[in-house]
>>> print(open('my_file-v4.txt').read())   # compact mmCIF, C-alpha atoms and all ligand atoms
# COMPACT_ATOMS: atom_id res chain seq x y z
CA MET F 15 -13.96 -30.17 18.45
CA HIS F 16 -11.04 -27.89 17.63
CA ALA F 17 -7.86 -29.92 17.40
CA SER F 18 -6.02 -27.21 19.39
CA SER F 19 -7.21 -29.04 22.52
CA ALA F 20 -4.05 -31.12 21.87
CA LEU F 21 -1.86 -28.01 22.26
CA ASP F 22 -0.21 -27.58 25.63
CA PRO F 23 -0.57 -24.11 27.26
CA THR F 24 2.93 -24.39 28.72
CA LEU F 25 4.56 -24.69 25.28
CA PRO F 26 6.32 -21.61 23.89
CA ILE F 27 5.06 -19.39 21.06
CA GLY F 28 7.16 -19.44 17.88
CA VAL F 29 8.03 -16.10 16.30
CA PHE F 30 10.00 -15.66 13.10
CA ASP F 31 11.39 -12.91 10.93
CA SER F 32 13.97 -12.53 8.21
CA GLY F 33 16.40 -11.24 10.85
CA VAL F 34 16.34 -8.91 13.82
CA GLY F 35 13.40 -6.70 12.73
CA GLY F 36 10.81 -9.00 14.26
CA LEU F 37 12.36 -8.32 17.66
CA THR F 38 10.32 -5.06 17.66
CA VAL F 39 7.25 -7.32 17.55
CA LEU F 40 8.68 -9.75 20.13
CA ARG F 41 9.24 -6.78 22.44
CA ALA F 42 5.53 -5.90 22.29
CA LEU F 43 4.50 -9.55 22.71
CA ARG F 44 6.72 -9.88 25.80
CA GLU F 45 5.32 -6.70 27.32
CA ALA F 46 1.72 -7.78 26.74
CA LEU F 47 2.22 -11.45 27.67
CA PRO F 48 5.02 -11.68 30.27
CA HIS F 49 3.91 -15.15 31.37
CA GLU F 50 4.32 -16.63 27.88
CA SER F 51 7.58 -18.19 26.62
CA PHE F 52 8.85 -17.45 23.13
CA VAL F 53 11.23 -19.06 20.62
CA TYR F 54 12.37 -16.39 18.16
CA LEU F 55 14.00 -17.34 14.88
CA GLY F 56 15.81 -14.75 12.76
CA ASP F 57 16.72 -16.00 9.28
CA THR F 58 19.77 -13.73 9.19
CA ALA F 59 21.52 -15.91 6.58
CA ARG F 60 18.91 -14.88 4.02
CA LEU F 61 18.02 -11.33 5.10
CA PRO F 62 16.62 -9.23 3.51
CA TYR F 63 13.37 -10.86 2.40
CA GLY F 64 11.98 -7.51 1.24
CA ILE F 65 13.77 -7.46 -2.11
CA LYS F 66 13.39 -11.19 -2.90
CA SER F 67 10.80 -12.80 -5.14
CA ARG F 68 7.48 -13.98 -3.73
CA GLU F 69 8.50 -17.61 -4.42
CA SER F 70 11.77 -17.33 -2.45
CA VAL F 71 10.10 -15.57 0.50
CA LEU F 72 7.41 -18.25 0.61
CA ARG F 73 10.02 -21.04 0.51
CA TYR F 74 12.08 -19.42 3.29
CA SER F 75 8.94 -18.87 5.36
CA VAL F 76 7.84 -22.48 5.05
CA GLN F 77 11.30 -23.63 6.21
CA ALA F 78 11.27 -21.24 9.18
CA ALA F 79 7.73 -22.23 10.16
CA ASP F 80 8.48 -25.96 9.87
CA PHE F 81 11.60 -25.53 11.98
CA LEU F 82 9.71 -23.76 14.77
CA HIS F 83 6.83 -26.22 14.53
CA GLY F 84 9.43 -28.97 15.01
CA CYS F 85 10.64 -27.19 18.18
CA GLY F 86 7.14 -27.73 19.63
CA VAL F 87 5.30 -24.43 19.67
CA LYS F 88 1.63 -23.88 20.50
CA SER F 89 1.21 -20.91 18.17
CA LEU F 90 3.20 -19.12 15.46
CA VAL F 91 3.60 -15.40 14.86
CA ILE F 92 5.04 -14.35 11.49
CA ALA F 93 6.80 -11.21 12.76
CA CYS F 94 7.82 -10.13 9.27
CA ASN F 95 5.57 -8.09 7.02
CA THR F 96 7.10 -9.41 3.80
CA ALA F 97 6.65 -13.04 4.89
CA SER F 98 3.15 -12.37 6.28
CA ALA F 99 2.12 -10.73 3.03
CA VAL F 100 2.94 -13.81 0.97
CA GLY F 101 2.70 -16.67 3.44
CA VAL F 102 0.04 -16.35 6.11
CA ASP F 103 -2.63 -18.44 4.34
CA SER F 104 -0.24 -21.21 3.27
CA LEU F 105 1.36 -21.41 6.71
CA ARG F 106 -2.02 -21.49 8.41
CA GLU F 107 -3.03 -24.45 6.29
CA ARG F 108 0.33 -26.18 6.69
CA LEU F 109 0.56 -25.87 10.48
CA SER F 110 -3.10 -26.49 11.29
CA PRO F 111 -4.27 -26.95 14.04
CA THR F 112 -1.44 -24.78 15.39
CA PRO F 113 -2.74 -21.21 15.05
CA VAL F 114 -0.75 -18.78 12.89
CA ILE F 115 -0.86 -14.98 13.06
CA GLY F 116 0.71 -12.61 10.53
CA VAL F 117 1.34 -8.91 11.05
CA VAL F 118 -0.43 -7.50 7.98
CA GLU F 119 -4.02 -7.84 9.27
CA PRO F 120 -3.17 -6.38 12.71
CA GLY F 121 -1.24 -3.55 11.00
CA ALA F 122 -4.24 -2.73 8.82
CA VAL F 123 -6.51 -2.75 11.89
CA ALA F 124 -4.14 -0.37 13.71
CA ALA F 125 -3.99 2.00 10.72
CA CYS F 126 -7.75 2.06 10.15
CA SER F 127 -8.55 2.71 13.79
CA ALA F 128 -5.97 5.53 14.02
CA SER F 129 -7.18 7.24 10.84
CA GLY F 130 -10.00 9.78 11.07
CA ARG F 131 -10.02 10.73 7.39
CA GLY F 132 -9.12 7.31 5.98
CA HIS F 133 -6.10 8.59 4.08
CA ILE F 134 -3.31 6.13 4.87
CA LEU F 135 0.29 6.04 3.71
CA VAL F 136 1.94 2.62 3.94
CA ALA F 137 5.74 2.44 4.18
CA ALA F 138 7.03 -1.09 3.65
CA THR F 139 9.54 -3.20 1.76
CA GLU F 140 9.57 -3.52 -2.01
CA GLY F 141 7.98 -6.99 -1.88
CA THR F 142 5.19 -5.97 0.49
CA VAL F 143 4.27 -2.89 -1.55
CA ARG F 144 4.47 -4.79 -4.86
CA GLY F 145 2.20 -7.61 -3.62
CA GLY F 146 -0.47 -5.15 -2.40
CA ALA F 147 -1.34 -7.10 0.77
CA TYR F 148 -1.70 -3.96 2.92
CA GLN F 149 -3.73 -2.16 0.27
CA ARG F 150 -6.14 -5.14 0.17
CA ALA F 151 -6.28 -5.59 3.96
CA ILE F 152 -7.10 -1.89 4.48
CA ALA F 153 -9.71 -1.93 1.69
CA ARG F 154 -11.43 -4.92 3.36
CA LEU F 155 -11.70 -3.06 6.66
CA ARG F 156 -12.44 0.35 5.21
CA PRO F 157 -13.56 0.28 1.58
CA ASP F 158 -13.63 4.08 1.34
CA ALA F 159 -9.97 4.46 2.42
CA THR F 160 -7.40 6.14 0.18
CA VAL F 161 -4.15 4.22 0.40
CA LEU F 162 -0.77 5.26 -0.93
CA ALA F 163 2.18 2.89 -0.53
CA ARG F 164 5.90 3.45 -0.78
CA ALA F 165 8.78 0.97 -0.69
CA CYS F 166 11.45 2.35 1.66
CA SER F 167 14.21 -0.27 1.39
CA LEU F 168 16.98 1.93 2.80
CA PHE F 169 15.16 2.20 6.15
CA VAL F 170 16.16 -1.44 6.80
CA GLY F 171 19.88 -0.64 6.52
CA LEU F 172 19.56 2.59 8.50
CA ALA F 173 17.80 0.78 11.35
CA GLU F 174 20.44 -1.96 11.48
CA GLU F 175 23.27 0.57 11.30
CA GLY F 176 21.71 2.53 14.17
CA TRP F 177 21.36 5.66 11.98
CA THR F 178 17.79 6.18 13.07
CA GLU F 179 18.00 9.90 13.87
CA GLY F 180 19.89 12.88 12.46
CA VAL F 181 20.32 14.45 9.04
CA ILE F 182 20.89 11.27 7.04
CA ALA F 183 17.82 9.46 8.36
CA ALA F 184 15.70 12.60 7.91
CA ALA F 185 16.94 13.15 4.34
CA VAL F 186 16.19 9.54 3.36
CA ALA F 187 12.73 9.71 4.96
CA LYS F 188 11.94 12.98 3.13
CA ARG F 189 13.12 11.54 -0.16
CA TYR F 190 10.86 8.50 0.21
CA LEU F 191 7.77 10.11 1.73
CA GLY F 192 7.88 13.86 1.05
CA GLU F 193 6.34 13.73 -2.40
CA LEU F 194 3.43 11.50 -1.31
CA LEU F 195 2.70 13.63 1.76
CA GLU F 196 2.51 16.65 -0.55
CA ARG F 197 0.40 14.81 -3.11
CA ASP F 198 -2.22 13.93 -0.48
CA PRO F 199 -2.35 16.51 2.33
CA LEU F 200 -5.24 14.55 3.89
CA ILE F 201 -2.95 11.68 4.92
CA ASP F 202 -3.37 11.28 8.66
CA VAL F 203 -1.67 7.91 9.26
CA LEU F 204 1.72 6.55 8.31
CA LEU F 205 1.58 2.77 8.70
CA LEU F 206 4.99 1.21 9.29
CA GLY F 207 4.56 -1.99 7.28
CA CYS F 208 8.02 -3.34 7.99
CA THR F 209 9.37 -4.57 11.32
CA HIS F 210 12.53 -2.44 11.06
CA PHE F 211 10.73 0.86 10.61
CA PRO F 212 9.57 1.47 14.23
CA MET F 213 13.27 2.06 14.98
CA LEU F 214 12.98 5.25 12.88
CA ALA F 215 9.74 6.43 14.53
CA ASN F 216 11.16 9.70 15.92
CA THR F 217 12.54 10.77 12.56
CA LEU F 218 9.35 9.78 10.75
CA ARG F 219 7.28 11.75 13.25
CA GLU F 220 9.38 14.84 12.51
CA VAL F 221 9.22 14.38 8.74
CA CYS F 222 5.46 13.71 8.67
CA GLY F 223 4.51 16.42 11.16
CA SER F 224 2.07 16.35 14.06
CA GLY F 225 -1.02 15.80 11.90
CA VAL F 226 0.09 12.28 10.96
CA ALA F 227 -0.10 9.40 13.44
CA ILE F 228 2.70 6.84 13.16
CA VAL F 229 1.41 3.31 13.71
CA ASP F 230 2.76 -0.22 13.45
CA ALA F 231 1.38 -3.71 13.89
CA SER F 232 3.13 -4.75 17.10
CA GLN F 233 0.54 -3.77 19.74
CA THR F 234 -2.45 -5.03 17.74
CA THR F 235 -0.60 -8.28 17.01
CA ALA F 236 0.00 -8.74 20.74
CA ARG F 237 -3.70 -8.13 21.47
CA LEU F 238 -4.78 -10.52 18.73
CA LEU F 239 -2.41 -13.21 20.03
CA ALA F 240 -3.68 -12.78 23.59
CA THR F 241 -7.29 -13.11 22.42
CA GLN F 242 -6.50 -16.16 20.32
CA LEU F 243 -4.66 -17.95 23.15
CA ARG F 244 -7.55 -17.26 25.50
CA LYS F 245 -10.18 -18.43 23.02
CA LEU F 246 -8.32 -21.67 22.34
CA SER F 247 -7.67 -22.18 26.09
CA ILE F 248 -3.91 -22.36 25.51
CA ALA F 249 -2.79 -19.24 27.42
CA ALA F 250 0.07 -19.91 29.86
CA PRO F 251 -0.74 -19.81 33.57
CA VAL F 252 -0.39 -16.18 34.72
CA GLU F 253 1.73 -17.07 37.75
CA ARG F 254 4.50 -18.20 35.39
CA LEU F 255 7.35 -16.00 34.18
CA GLY F 256 7.99 -16.58 30.48
CA THR F 257 11.39 -17.17 28.87
CA VAL F 258 12.88 -16.23 25.49
CA ARG F 259 15.04 -18.46 23.31
CA LEU F 260 16.83 -16.74 20.43
CA LEU F 261 17.81 -18.59 17.25
CA ALA F 262 19.57 -17.25 14.16
CA THR F 263 20.67 -18.81 10.87
CA ASP F 264 23.86 -16.72 10.69
CA GLY F 265 26.07 -14.46 12.79
CA PRO F 266 25.00 -14.81 16.44
CA ALA F 267 27.37 -11.96 17.43
CA ARG F 268 25.84 -9.50 14.96
CA PHE F 269 22.35 -10.74 15.83
CA ALA F 270 23.07 -10.03 19.52
CA ALA F 271 24.60 -6.58 18.89
CA VAL F 272 21.95 -5.28 16.49
CA GLY F 273 19.09 -7.30 17.95
CA GLY F 274 19.68 -5.96 21.44
CA ARG F 275 18.78 -2.47 20.20
CA PHE F 276 15.61 -3.74 18.54
CA LEU F 277 14.58 -5.74 21.59
CA GLY F 278 15.50 -2.95 23.99
CA VAL F 279 17.67 -5.16 26.23
CA HIS F 280 21.27 -6.32 26.20
CA VAL F 281 21.63 -9.62 24.34
CA ASP F 282 24.70 -11.75 25.00
CA PRO F 283 26.01 -13.49 21.84
CA GLN F 284 26.13 -16.71 23.91
CA GLN F 285 22.36 -16.53 24.23
CA VAL F 286 21.89 -16.79 20.46
CA GLU F 287 21.81 -20.34 19.07
CA LEU F 288 22.97 -20.89 15.48
CA VAL F 289 20.56 -23.13 13.54
CA ASP F 290 20.39 -24.56 10.02
CA LEU F 291 16.93 -24.59 8.44
CA MET F 292 18.04 -26.73 5.51
CA GLN F 293 18.81 -29.84 7.58
N1 LIG N 1 11.39 -8.00 8.39
C1 LIG N 1 11.11 -7.49 7.07
C2 LIG N 1 9.67 -6.97 7.01
O1 LIG N 1 9.02 -6.74 8.00
C3 LIG N 1 12.07 -6.37 6.72
C4 LIG N 1 13.48 -6.80 6.46
C5 LIG N 1 13.66 -7.63 5.22
O2 LIG N 1 13.55 -7.10 4.09
O3 LIG N 1 13.91 -8.81 5.37
O4 LIG N 1 9.14 -6.84 5.94
>>> encode(input="my_file-v4.txt", output="structure tokens")
Amino acid sequence: MHASSALDPTLPIGVFDSGVGGLTVLRALREALPHESFVYLGDTARLPYGIKSRESVLRYSVQAADFLHGCGVKSLVIACNTASAVGVDSLRERLSPTPVIGVVEPGAVAACSASGRGHILVAATEGTVRGGAYQRAIARLRPDATVLARACSLFVGLAEEGWTEGVIAAAVAKRYLGELLERDPLIDVLLLGCTHFPMLANTLREVCGSGVAIVDASQTTARLLATQLRKLSIAAPVERLGTVRLLATDGPARFAAVGGRFLGVHVDPQQVELVDLMQ
């Protein structure tokens, strides 16, 4: 018997990220599963994860996962590519039988299904590109794929600053991606392997041109979560309307101001609870 029979369908789903980026994933999860409740934790005190060592990201991820597990969640979504890339297996083992989903596998699935030619360009953080998790995940699904990967650290700052369109965003995107797009003219998918990058989708579409599909993990993650909840018989009753609880480890006011844009709704600073993962 799967021990998930002990999990209560009315419990919320835990979602965590290094900060506000994962709200782009939460947005997709809410749209796909409006009857589910979510507890979202942004580790804003330690953002960004993308330039930290594997060991630090893993330690931070374990603390975030333990905290949410302690809140009583029926499932956990690691809505951060950098944390998923290093931590999904360890967190799965640690939280078992609570199911854990990362965004790297769903992102790879989205990229492979959108790519006709199998030439995929991955844009992600330094840590995600260095660790090679996307390259491996794509190779598992499509061994003949050609994968190029580029760390685009400045996209994180641009997204938070709200400079997602215009000459500066376009110049940064060209600087990061232009050379690789020229090197492989067969590239037909740009995979956004960082939760902040969907905020720059319009600019990236312009820079890459109409022959390149821009994909991210959020929709496939939502589908995977829905399937998993159904399979484990822990989906919330559909007549319910889900709620969202927002937690941050630093700066509720900034979290609300920047996070509101990522989530696509106004967030009142009062709605954001300050928490300490080290206690
Ligand atoms: N959320 C991170 C990711 O998806 C990006 C921001 C960071 O570097 O912490 O990789």
>>> residues_near_ligand(input="my_file-v4.txt", ligand="ligand LIG 1 (chain N)", cutoff="7 Å", atoms="all atoms listed in the file", output="ChimeraX atom specification")
/F:31-33,35-36,61-65,93-97,138-139,142,170,207-210
>>> closest_residue(input="my_file-v4.txt", among="F:Asp198, F:Glu220, F:Glu253, F:Asp230", to="Glu119 of chain F", atoms="only C-alpha atoms")
F:Asp230
>>> closest_residue(input="my_file-v4.txt", among="F:Ala59, F:Ser51, F:Val91, F:Ala159", to="Ala236 of chain F", atoms="all atoms listed in the file")
F:Val91
>>> residues_around(input="my_file-v4.txt", residues="Leu204 of chain F", least_positions_apart="6", cutoff="7 Å", atoms="all atoms listed in the file", output="PyMOL selection string")
chain F and resi 134-136+226-229
>>> atom_distance(input="my_file-v4.txt", atom1="atom CA of Leu239 of chain F", atom2="atom CA of Gln77 of chain F")
22.1 Å
>>> atom_distance(input="my_file-v4.txt", atom1="atom CA of Ala122 of chain F", atom2="atom CA of Asp103 of chain F")
16.4 Å
>>> closest_residue(input="my_file-v4.txt", among="F:Val87, F:Ile152, F:Leu55, F:Ala270", to="Ile27 of chain F", atoms="all atoms listed in the file")
F:Val87
>>> residues_around(input="my_file-v4.txt", residues="Glu196 of chain F", least_positions_apart="6", cutoff="12 Å", atoms="all atoms listed in the file", output="PyMOL selection string")
chain F and resi 135+162+188-190+221-223
>>> atom_distance(input="my_file-v4.txt", atom1="atom CA of Ala79 of chain F", atom2="atom CA of Ala262 of chain F")
13.5 Å
>>> residues_around(input="my_file-v4.txt", residues="Arg197 of chain F", least_positions_apart="3", cutoff="12 Å", atoms="all atoms listed in the file", output="number ranges by chain")
F: 133, 135, 162, 191-194, 200-201
>>> residues_around(input="my_file-v4.txt", residues="Leu261 of chain F", least_positions_apart="4", cutoff="10 Å", atoms="only C-alpha atoms", output="list in words")
Phe30, Gly33, Val53, Tyr54, Leu55, Gly56, Asp57, Thr58, Leu82, Pro266, Phe269, Gln285, Val286, Glu287, Leu288, Val289 and Asp290 of chain F
>>> closest_residue(input="my_file-v4.txt", among="F:Leu255, F:Leu205, F:Val186, F:Leu37", to="Ser127 of chain F", atoms="all atoms listed in the file")
F:Leu205
>>> closest_residue(input="my_file-v4.txt", among="F:Asn216, F:Thr234, F:Ser98, F:Thr38", to="Val114 of chain F", atoms="only C-alpha atoms")
F:Ser98
>>> closest_residue(input="my_file-v4.txt", among="F:Leu25, F:Val272, F:Val258, F:Met292", to="Pro48 of chain F", atoms="all atoms listed in the file")
F:Val258
>>> residues_around(input="my_file-v4.txt", residues="Leu243 of chain F", least_positions_apart="3", cutoff="12 Å", atoms="only C-alpha atoms", output="number ranges by chain")
F: 18-19, 21-27, 47, 50, 88-91, 112-115, 236-240, 246-251
